[in-house]
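Here is start-v6.cif, consisting of mmCIF, C-alpha atoms:
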```
data_model
loop_
_atom_site.label_atom_id
_atom_site.label_comp_id
_atom_site.auth_asym_id
_atom_site.auth_seq_id
_atom_site.Cartn_x
_atom_site.Cartn_y
_atom_site.Cartn_z
CA MET A 18 -19.85 8.00 -7.80
CA VAL A 19 -17.38 5.60 -6.20
CA LYS A 20 -18.06 4.88 -2.53
CA TYR A 21 -15.49 5.72 0.14
CA LEU A 22 -15.54 3.11 2.91
CA SER A 23 -15.55 3.61 6.65
CA GLN A 24 -13.15 1.51 8.71
CA LYS A 25 -15.96 -0.85 9.70
CA GLU A 26 -17.17 -1.22 6.11
CA ALA A 27 -13.63 -1.96 4.89
CA ILE A 28 -13.24 -4.66 7.54
CA ASN A 29 -16.63 -6.18 6.65
CA VAL A 30 -15.84 -6.26 2.92
CA ASP A 31 -12.58 -8.05 3.67
CA LEU A 32 -14.30 -10.55 5.95
CA GLU A 33 -16.85 -11.39 3.26
CA LEU A 34 -14.11 -11.89 0.67
CA PHE A 35 -12.42 -14.37 3.02
CA ASN A 36 -15.42 -16.07 4.65
CA GLU A 37 -18.16 -15.99 2.00
CA TYR A 38 -16.17 -15.98 -1.25
CA LYS A 39 -13.34 -18.16 0.14
CA PHE A 40 -10.48 -16.05 -1.10
CA SER A 41 -7.25 -16.72 0.76
CA VAL A 42 -5.11 -13.96 2.24
CA ASP A 43 -2.16 -14.75 -0.02
CA GLN A 44 -4.43 -14.73 -3.10
CA LEU A 45 -5.66 -11.19 -2.46
CA MET A 46 -2.23 -10.03 -1.27
CA GLU A 47 -0.65 -11.13 -4.55
CA LEU A 48 -3.28 -9.32 -6.61
CA ALA A 49 -3.10 -6.20 -4.42
CA GLY A 50 0.70 -6.03 -4.47
CA LEU A 51 0.81 -6.59 -8.22
CA SER A 52 -1.70 -3.79 -8.81
CA CYS A 53 0.41 -1.48 -6.61
CA ALA A 54 3.50 -2.22 -8.71
CA HIS A 55 1.55 -1.41 -11.89
CA ALA A 56 0.23 1.88 -10.46
CA ILE A 57 3.74 2.88 -9.39
CA ALA A 58 5.09 2.07 -12.85
CA LYS A 59 2.44 4.30 -14.45
CA CYS A 60 3.32 7.29 -12.25
CA PHE A 61 7.05 6.81 -11.66
CA PRO A 62 8.79 5.21 -14.67
CA SER A 63 11.87 3.12 -13.93
CA GLU A 64 14.05 5.29 -16.17
CA LYS A 65 13.61 8.22 -13.77
CA TYR A 66 12.84 6.47 -10.46
CA PRO A 67 14.81 3.20 -10.51
CA ARG A 68 15.81 3.02 -6.82
CA ILE A 69 12.87 2.40 -4.50
CA LEU A 70 12.81 2.02 -0.71
CA VAL A 71 9.87 -0.23 0.18
CA CYS A 72 8.87 0.23 3.83
CA CYS A 73 6.82 -2.71 5.10
CA GLY A 74 4.74 -2.95 8.27
CA PRO A 75 3.79 -6.00 10.35
CA GLY A 76 0.36 -6.75 8.86
CA ASN A 77 -1.27 -7.38 5.51
CA ASN A 78 -0.30 -3.92 4.25
CA GLY A 79 3.33 -4.91 4.75
CA GLY A 80 2.67 -8.14 2.88
CA ASP A 81 1.30 -6.11 -0.02
CA GLY A 82 4.56 -4.17 0.09
CA LEU A 83 6.68 -7.33 -0.11
CA VAL A 84 4.68 -8.55 -3.11
CA CYS A 85 4.94 -5.10 -4.68
CA ALA A 86 8.75 -5.10 -4.23
CA ARG A 87 9.02 -8.49 -5.94
CA HIS A 88 7.02 -7.34 -8.95
CA LEU A 89 8.85 -4.01 -9.16
CA SER A 90 12.12 -5.94 -9.39
CA LEU A 91 10.71 -7.85 -12.38
CA MET A 92 9.68 -4.57 -14.00
CA GLY A 93 13.15 -3.07 -14.12
CA TYR A 94 13.31 -1.30 -10.76
CA CYS A 95 15.86 -1.80 -7.98
CA PRO A 96 13.84 -2.07 -4.75
CA THR A 97 15.30 -2.21 -1.26
CA ILE A 98 13.12 -3.47 1.60
CA TYR A 99 12.97 -1.99 5.09
CA TYR A 100 10.95 -4.38 7.27
CA PRO A 101 11.54 -3.42 10.93
CA LYS A 102 9.19 -5.94 12.55
CA PRO A 103 8.77 -9.06 10.38
CA THR A 104 5.64 -11.10 10.99
CA ALA A 105 6.35 -14.61 12.28
CA SER A 106 4.00 -16.63 10.09
CA PRO A 107 4.61 -18.91 7.10
CA LEU A 108 2.91 -16.51 4.66
CA PHE A 109 5.12 -13.52 5.51
CA GLU A 110 8.23 -15.64 5.92
CA ASN A 111 7.66 -17.06 2.44
CA LEU A 112 7.17 -13.59 0.95
CA SER A 113 10.44 -12.45 2.53
CA HIS A 114 12.18 -15.62 1.34
CA GLN A 115 11.02 -15.01 -2.24
CA CYS A 116 12.42 -11.48 -2.15
CA ARG A 117 15.78 -12.66 -0.81
CA LEU A 118 16.13 -15.37 -3.44
CA MET A 119 15.29 -12.87 -6.15
CA GLY A 120 18.22 -10.76 -5.04
CA ILE A 121 16.20 -7.94 -3.54
CA SER A 122 18.30 -6.17 -0.94
CA SER A 123 17.15 -5.06 2.49
CA VAL A 124 18.34 -2.66 5.19
CA GLU A 125 18.24 -3.36 8.92
CA GLU A 126 18.11 0.26 10.05
CA CYS A 127 15.84 3.03 8.86
CA PRO A 128 17.82 5.40 6.62
CA LYS A 129 18.28 8.97 7.76
CA THR A 130 16.66 11.66 5.62
CA GLN A 131 19.92 12.63 3.88
CA THR A 132 20.89 9.00 3.26
CA ALA A 133 17.48 8.27 1.73
CA ALA A 134 17.77 11.34 -0.52
CA ARG A 135 21.15 10.07 -1.76
CA ASP A 136 20.31 6.39 -2.19
CA TYR A 137 16.68 6.33 -3.39
CA ASP A 138 14.35 7.99 -5.88
CA LEU A 139 10.99 6.95 -4.39
CA ILE A 140 9.59 5.53 -1.15
CA VAL A 141 6.76 2.99 -1.00
CA ASP A 142 4.74 3.34 2.20
CA ALA A 143 3.33 -0.11 3.03
CA LEU A 144 3.35 0.23 6.81
CA PHE A 145 -0.22 0.35 8.07
CA GLY A 146 -3.57 -0.60 6.56
CA PHE A 147 -7.17 0.17 7.43
CA SER A 148 -6.97 -1.53 10.85
CA PHE A 149 -4.50 1.11 12.08
CA LYS A 150 -5.34 3.23 15.10
CA PRO A 151 -2.95 5.98 16.32
CA PRO A 152 -0.48 6.39 17.89
CA VAL A 153 2.39 4.92 15.86
CA ARG A 154 4.23 2.19 17.79
CA ALA A 155 7.87 2.67 18.77
CA ASP A 156 9.25 0.27 16.13
CA PHE A 157 7.87 2.48 13.35
CA VAL A 158 8.45 5.99 14.67
CA ALA A 159 11.75 6.42 12.78
CA VAL A 160 10.36 5.38 9.39
CA VAL A 161 7.21 7.47 9.80
CA GLU A 162 9.39 10.46 10.66
CA LEU A 163 11.51 9.75 7.57
CA MET A 164 8.41 9.88 5.38
CA GLN A 165 7.21 13.06 7.08
CA GLN A 166 10.55 14.81 6.51
CA THR A 167 11.74 13.50 3.15
CA LYS A 168 11.49 15.43 -0.11
CA LEU A 169 11.32 12.15 -2.07
CA PRO A 170 7.97 11.25 -3.61
CA ILE A 171 5.99 8.67 -1.62
CA ALA A 172 3.57 6.04 -2.91
CA SER A 173 1.20 4.94 -0.13
CA VAL A 174 -0.52 1.56 -0.19
CA ASP A 175 -4.22 1.97 0.70
CA ILE A 176 -3.73 4.29 3.71
CA PRO A 177 -1.01 6.93 4.14
CA SER A 178 0.76 5.69 7.26
CA GLY A 179 -0.13 7.60 10.40
CA TRP A 180 -3.39 8.92 8.96
CA ASP A 181 -6.72 8.22 10.61
CA VAL A 182 -8.52 5.74 8.34
CA GLU A 183 -11.61 7.95 8.18
CA LYS A 184 -10.50 11.49 9.10
CA GLY A 185 -7.19 11.64 7.23
CA LYS A 186 -4.18 13.52 8.58
CA VAL A 187 -3.92 13.57 12.36
CA SER A 188 -1.53 16.54 12.37
CA GLU A 189 -0.10 18.98 9.84
CA CYS A 190 3.27 17.22 9.89
CA ASP A 191 1.79 13.91 8.68
CA LEU A 192 3.17 12.59 5.41
CA GLU A 193 1.71 13.70 2.08
CA PRO A 194 2.08 10.98 -0.57
CA ALA A 195 2.35 11.85 -4.23
CA LEU A 196 0.55 8.60 -5.11
CA LEU A 197 -2.20 6.86 -3.16
CA ILE A 198 -3.16 3.35 -4.27
CA SER A 199 -6.54 2.51 -2.76
CA LEU A 200 -7.18 -1.24 -2.60
CA THR A 201 -10.56 -2.94 -3.15
CA ALA A 202 -12.31 0.43 -2.67
CA PRO A 203 -11.08 3.81 -1.39
CA LYS A 204 -11.37 4.52 2.33
CA LEU A 205 -12.83 7.73 3.76
CA CYS A 206 -9.38 9.19 4.46
CA ALA A 207 -8.77 9.29 0.70
CA ARG A 208 -11.18 12.24 0.49
CA HIS A 209 -8.42 14.26 2.18
CA PHE A 210 -5.72 13.15 -0.26
CA ARG A 211 -4.16 16.11 -2.08
CA GLY A 212 -1.43 14.35 -4.05
CA GLU A 213 -1.11 14.17 -7.81
CA HIS A 214 -2.02 10.53 -8.43
CA HIS A 215 -4.88 8.45 -6.96
CA TYR A 216 -5.31 4.92 -8.29
CA LEU A 217 -7.58 2.02 -7.39
CA GLY A 218 -6.11 -1.48 -7.41
CA GLY A 219 -7.29 -4.95 -6.51
CA ARG A 220 -9.34 -6.08 -9.47
CA PHE A 221 -10.97 -8.98 -7.66
CA VAL A 222 -14.20 -7.71 -6.08
CA PRO A 223 -17.17 -9.91 -7.10
CA ARG A 224 -20.05 -8.02 -8.69
CA ALA A 225 -22.53 -9.24 -6.05
CA LEU A 226 -20.33 -7.85 -3.29
CA GLN A 227 -19.96 -4.56 -5.18
CA SER A 228 -23.76 -4.32 -5.36
CA LYS A 229 -24.31 -5.26 -1.70
CA TYR A 230 -22.08 -2.45 -0.46
CA GLU A 231 -23.01 -0.06 -3.31
CA LEU A 232 -19.32 0.41 -4.08
CA ASN A 233 -19.89 1.87 -7.55
CA LEU A 234 -16.36 0.92 -8.56
CA PRO A 235 -15.07 2.37 -11.83
CA THR A 236 -14.59 0.13 -14.84
CA TYR A 237 -11.02 -1.07 -15.22
CA PRO A 238 -9.88 -0.37 -18.78
CA GLY A 239 -9.07 -3.42 -20.91
CA ASN A 240 -6.81 -5.80 -19.02
CA GLU A 241 -5.44 -3.15 -16.62
CA LEU A 242 -4.86 -4.07 -12.97
CA CYS A 243 -5.40 -0.51 -11.71
CA VAL A 244 -7.53 2.48 -12.66
CA LYS A 245 -7.01 6.20 -12.05
CA LEU A 246 -9.59 7.83 -9.76
#
```
Produce structure tokens that represent the structure in this file.
Amino acid sequence: MVKYLSQKEAINVDLELFNEYKFSVDQLMELAGLSCAHAIAKCFPSEKYPRILVCCGPGNNGGDGLVCARHLSLMGYCPTIYYPKPTASPLFENLSHQCRLMGISSVEECPKTQTAARDYDLIVDALFGFSFKPPVRADFVAVVELMQQTKLPIASVDIPSGWDVEKGKVSECDLEPALLISLTAPKLCARHFRGEHHYLGGRFVPRALQSKYELNLPTYPGNELCVKL
């Protein structure tokens, strides 16, 4: 049975990928974001869900979202990025630059619930990853409230934003994604996920590392970048 990671275990696995296996952040971010785009395409085909609001946070989860938006645009979708607090580092600046040059639009203000319902078919939640600890900071309150109130389907990257990484929903009004894309390995909060689709992405974990942490990851079919859990 696949292992669900605690916050500490998730951090340690990441540190080993970077320090022992010498993966770079942008390497894993590209693979993670690409796998998210593929999982979204499996669950929400572009013919029915072409307009996607991609909400990006300040850390690596937000970077995954930027990569995901770029790949979605190449797969026939029309993504729009909401990135309220861009990270001032070359990696994130380059990801944003790539999106701009590929003609991916962005919005400066968080859409209201009615505006989002009119302008989009799906929301990608790439705000907070497994390092998140409540409460939500002021810059992100509006977008978290949008995702709590919207009737649009939500695809969450690794952790549904606002959830406790291990315990799941903090309150009954927390968002409920239709799709959860766990990255590397699912986190403990995923045990509380009640949505329709749960996928694993990030097909890059070395077998020795899988064995060390007894991850028991499922076999990815063929050349797929994600696998349904």
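What the PyMOL selection byres ((chain A and resi 76) around 10) picks from this file is Cys73, Gly74, Pro75, Asn77, Asn78, Gly79, Gly80, Asp81, Lys102, Pro103, Thr104, Phe109, Ala143, Leu144, Phe145, Gly146, Ser148 and Phe149 of chain A.
Across the structure, CA of Ala49 (chain A) and CA of Arg220 (chain A) are spaced 8.0 Å apart.
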- Task: Identify which of the residues A:Tyr21, A:Phe210, A:Tyr230, A:Trp180 lies closest to Gln165 (chain A), counting all atoms listed in the file when measuring atom-to-atom distances.
- Result: A:Trp180
- Message: So that I can see what lies close to Ala56 (chain A), please list as a PyMOL selection string the residues with an atom at most 8 Å from it, counting all atoms listed in the file and leaving out residues fewer than 3 positions away in the same chain.
- Response: chain A and resi 52-53+59-60+198+216+218+243
- Task: Do a neighbour search on Leu48 (chain A) at 12 Å with only C-alpha atoms, toss out local chain neighbours closer than 5 positions, and write the hits as a ChimeraX atom specification.
- Result: /A:40-43,53-55,80-82,84-85,88,200-201,218-222,241-243
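CA of Glu110 (chain A) sits 16.8 Å away from CA of Thr97 (chain A).
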- Message: Under the PyMOL selection byres ((chain A and resi 92) around 10), which residues of this model are included? Write them out as a PyMOL selection string.
- Response: chain A and resi 54-55+58+62-63+67+86-91+93-95
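Closest approach to Val124 (chain A) among A:Cys72, A:Met164, A:Val174, A:Leu112: A:Cys72, based on only C-alpha atoms.
With CA of Ile98 (chain A) on one side and CA of Arg154 (chain A) on the other, the separation reads 19.3 Å.
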- Could you expand the PyMOL selection byres ((chain A and resi 234) around 10) into the explicit residues it covers here, written as a VMD selection string? chain A and resid 18 to 21 201 to 203 217 220 222 224 227 to 228 231 to 233 235 to 237 244 246
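Considering all atoms listed in the file, the residue among A:Cys206, A:Pro194, A:Leu83, A:Arg135 positioned nearest to Asn111 (chain A) is A:Leu83.
Closest to His215 (chain A) among A:Ser173, A:Gln44, A:Ser113, A:Ser188 is A:Ser173, based on all atoms listed in the file.
Considering all atoms listed in the file, the residue among A:Lys245, A:Lys129, A:His214, A:His114 positioned nearest to Phe61 (chain A) is A:His214.
Here the question is which of A:Gln115, A:Ser199, A:Gln166, A:Ser178 gets nearest to Pro128 (chain A) using all atoms listed in the file, and that residue is A:Gln166.
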Quick one: region 151-164 of chain A with all heavy atoms, as a short mmCIF file (atom, residue, chain, number, x, y, z; two decimals), in the first residue's frame?
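decode.cif, written as the output of this step:
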```cif
data_model
loop_
_atom_site.label_atom_id
_atom_site.label_comp_id
_atom_site.auth_asym_id
_atom_site.auth_seq_id
_atom_site.Cartn_x
_atom_site.Cartn_y
_atom_site.Cartn_z
N PRO A 151 -0.82 26.98 8.92
CA PRO A 151 -1.84 28.03 9.08
C PRO A 151 -1.36 29.08 10.09
O PRO A 151 -0.49 28.79 10.92
CB PRO A 151 -3.04 27.25 9.62
CG PRO A 151 -2.78 25.82 9.24
CD PRO A 151 -1.29 25.65 9.27
N PRO A 152 -1.93 30.31 10.02
CA PRO A 152 -3.03 30.74 9.17
C PRO A 152 -2.56 31.22 7.80
O PRO A 152 -1.35 31.42 7.58
CB PRO A 152 -3.65 31.88 9.98
CG PRO A 152 -2.47 32.50 10.68
CD PRO A 152 -1.57 31.34 11.03
N VAL A 153 -3.51 31.45 6.89
CA VAL A 153 -3.22 31.98 5.57
C VAL A 153 -2.82 33.45 5.70
O VAL A 153 -3.47 34.22 6.40
CB VAL A 153 -4.45 31.85 4.65
CG1 VAL A 153 -4.22 32.53 3.31
CG2 VAL A 153 -4.81 30.39 4.46
N ARG A 154 -1.73 33.84 5.03
CA ARG A 154 -1.27 35.23 5.09
C ARG A 154 -2.21 36.16 4.30
O ARG A 154 -2.91 35.73 3.40
CB ARG A 154 0.15 35.34 4.54
CG ARG A 154 1.20 34.79 5.50
CD ARG A 154 2.58 34.94 4.94
NE ARG A 154 2.83 34.00 3.85
CZ ARG A 154 3.87 34.06 3.03
NH1 ARG A 154 4.74 35.04 3.15
NH2 ARG A 154 4.02 33.16 2.09
N ALA A 155 -2.15 37.43 4.66
CA ALA A 155 -3.10 38.42 4.14
C ALA A 155 -3.14 38.47 2.62
O ALA A 155 -4.21 38.63 2.02
CB ALA A 155 -2.77 39.81 4.71
N ASP A 156 -1.98 38.33 1.96
CA ASP A 156 -1.92 38.42 0.50
C ASP A 156 -2.75 37.35 -0.20
O ASP A 156 -3.10 37.50 -1.37
CB ASP A 156 -0.46 38.28 0.02
CG ASP A 156 0.39 39.48 0.40
OD1 ASP A 156 -0.05 40.61 0.15
OD2 ASP A 156 1.48 39.28 0.96
N PHE A 157 -3.07 36.27 0.52
CA PHE A 157 -3.71 35.12 -0.11
C PHE A 157 -5.12 34.84 0.42
O PHE A 157 -5.76 33.88 -0.01
CB PHE A 157 -2.83 33.87 0.05
CG PHE A 157 -1.46 34.06 -0.51
CD1 PHE A 157 -0.39 34.38 0.32
CD2 PHE A 157 -1.23 33.95 -1.87
CE1 PHE A 157 0.88 34.58 -0.20
CE2 PHE A 157 0.04 34.16 -2.40
CZ PHE A 157 1.09 34.47 -1.56
N VAL A 158 -5.58 35.70 1.32
CA VAL A 158 -6.91 35.48 1.90
C VAL A 158 -7.99 35.51 0.82
O VAL A 158 -8.87 34.65 0.77
CB VAL A 158 -7.21 36.51 3.01
CG1 VAL A 158 -8.68 36.47 3.39
CG2 VAL A 158 -6.33 36.25 4.22
N ALA A 159 -7.92 36.50 -0.09
CA ALA A 159 -8.96 36.65 -1.11
C ALA A 159 -9.04 35.44 -2.02
O ALA A 159 -10.15 34.95 -2.33
CB ALA A 159 -8.72 37.92 -1.94
N VAL A 160 -7.90 34.91 -2.45
CA VAL A 160 -7.93 33.78 -3.39
C VAL A 160 -8.34 32.49 -2.68
O VAL A 160 -9.04 31.64 -3.25
CB VAL A 160 -6.58 33.63 -4.12
CG1 VAL A 160 -5.44 33.26 -3.19
CG2 VAL A 160 -6.70 32.60 -5.24
N VAL A 161 -7.95 32.34 -1.42
CA VAL A 161 -8.41 31.16 -0.67
C VAL A 161 -9.92 31.22 -0.47
O VAL A 161 -10.62 30.21 -0.62
CB VAL A 161 -7.67 31.05 0.68
CG1 VAL A 161 -8.32 29.99 1.57
CG2 VAL A 161 -6.20 30.70 0.45
N GLU A 162 -10.43 32.42 -0.17
CA GLU A 162 -11.88 32.57 -0.03
C GLU A 162 -12.61 32.29 -1.35
O GLU A 162 -13.69 31.70 -1.35
CB GLU A 162 -12.21 33.97 0.48
CG GLU A 162 -11.84 34.16 1.95
CD GLU A 162 -12.18 35.55 2.46
OE1 GLU A 162 -12.49 36.45 1.63
OE2 GLU A 162 -12.12 35.75 3.69
N LEU A 163 -12.01 32.72 -2.47
CA LEU A 163 -12.59 32.41 -3.78
C LEU A 163 -12.74 30.90 -3.94
O LEU A 163 -13.80 30.40 -4.35
CB LEU A 163 -11.73 32.98 -4.90
CG LEU A 163 -12.04 32.47 -6.31
CD1 LEU A 163 -13.44 32.90 -6.76
CD2 LEU A 163 -10.99 32.94 -7.31
N MET A 164 -11.68 30.17 -3.62
CA MET A 164 -11.71 28.72 -3.81
C MET A 164 -12.64 28.03 -2.82
O MET A 164 -13.18 26.96 -3.11
CB MET A 164 -10.29 28.15 -3.74
CG MET A 164 -9.45 28.57 -4.94
SD MET A 164 -7.87 27.71 -5.08
CE MET A 164 -6.96 28.42 -3.73
#
```
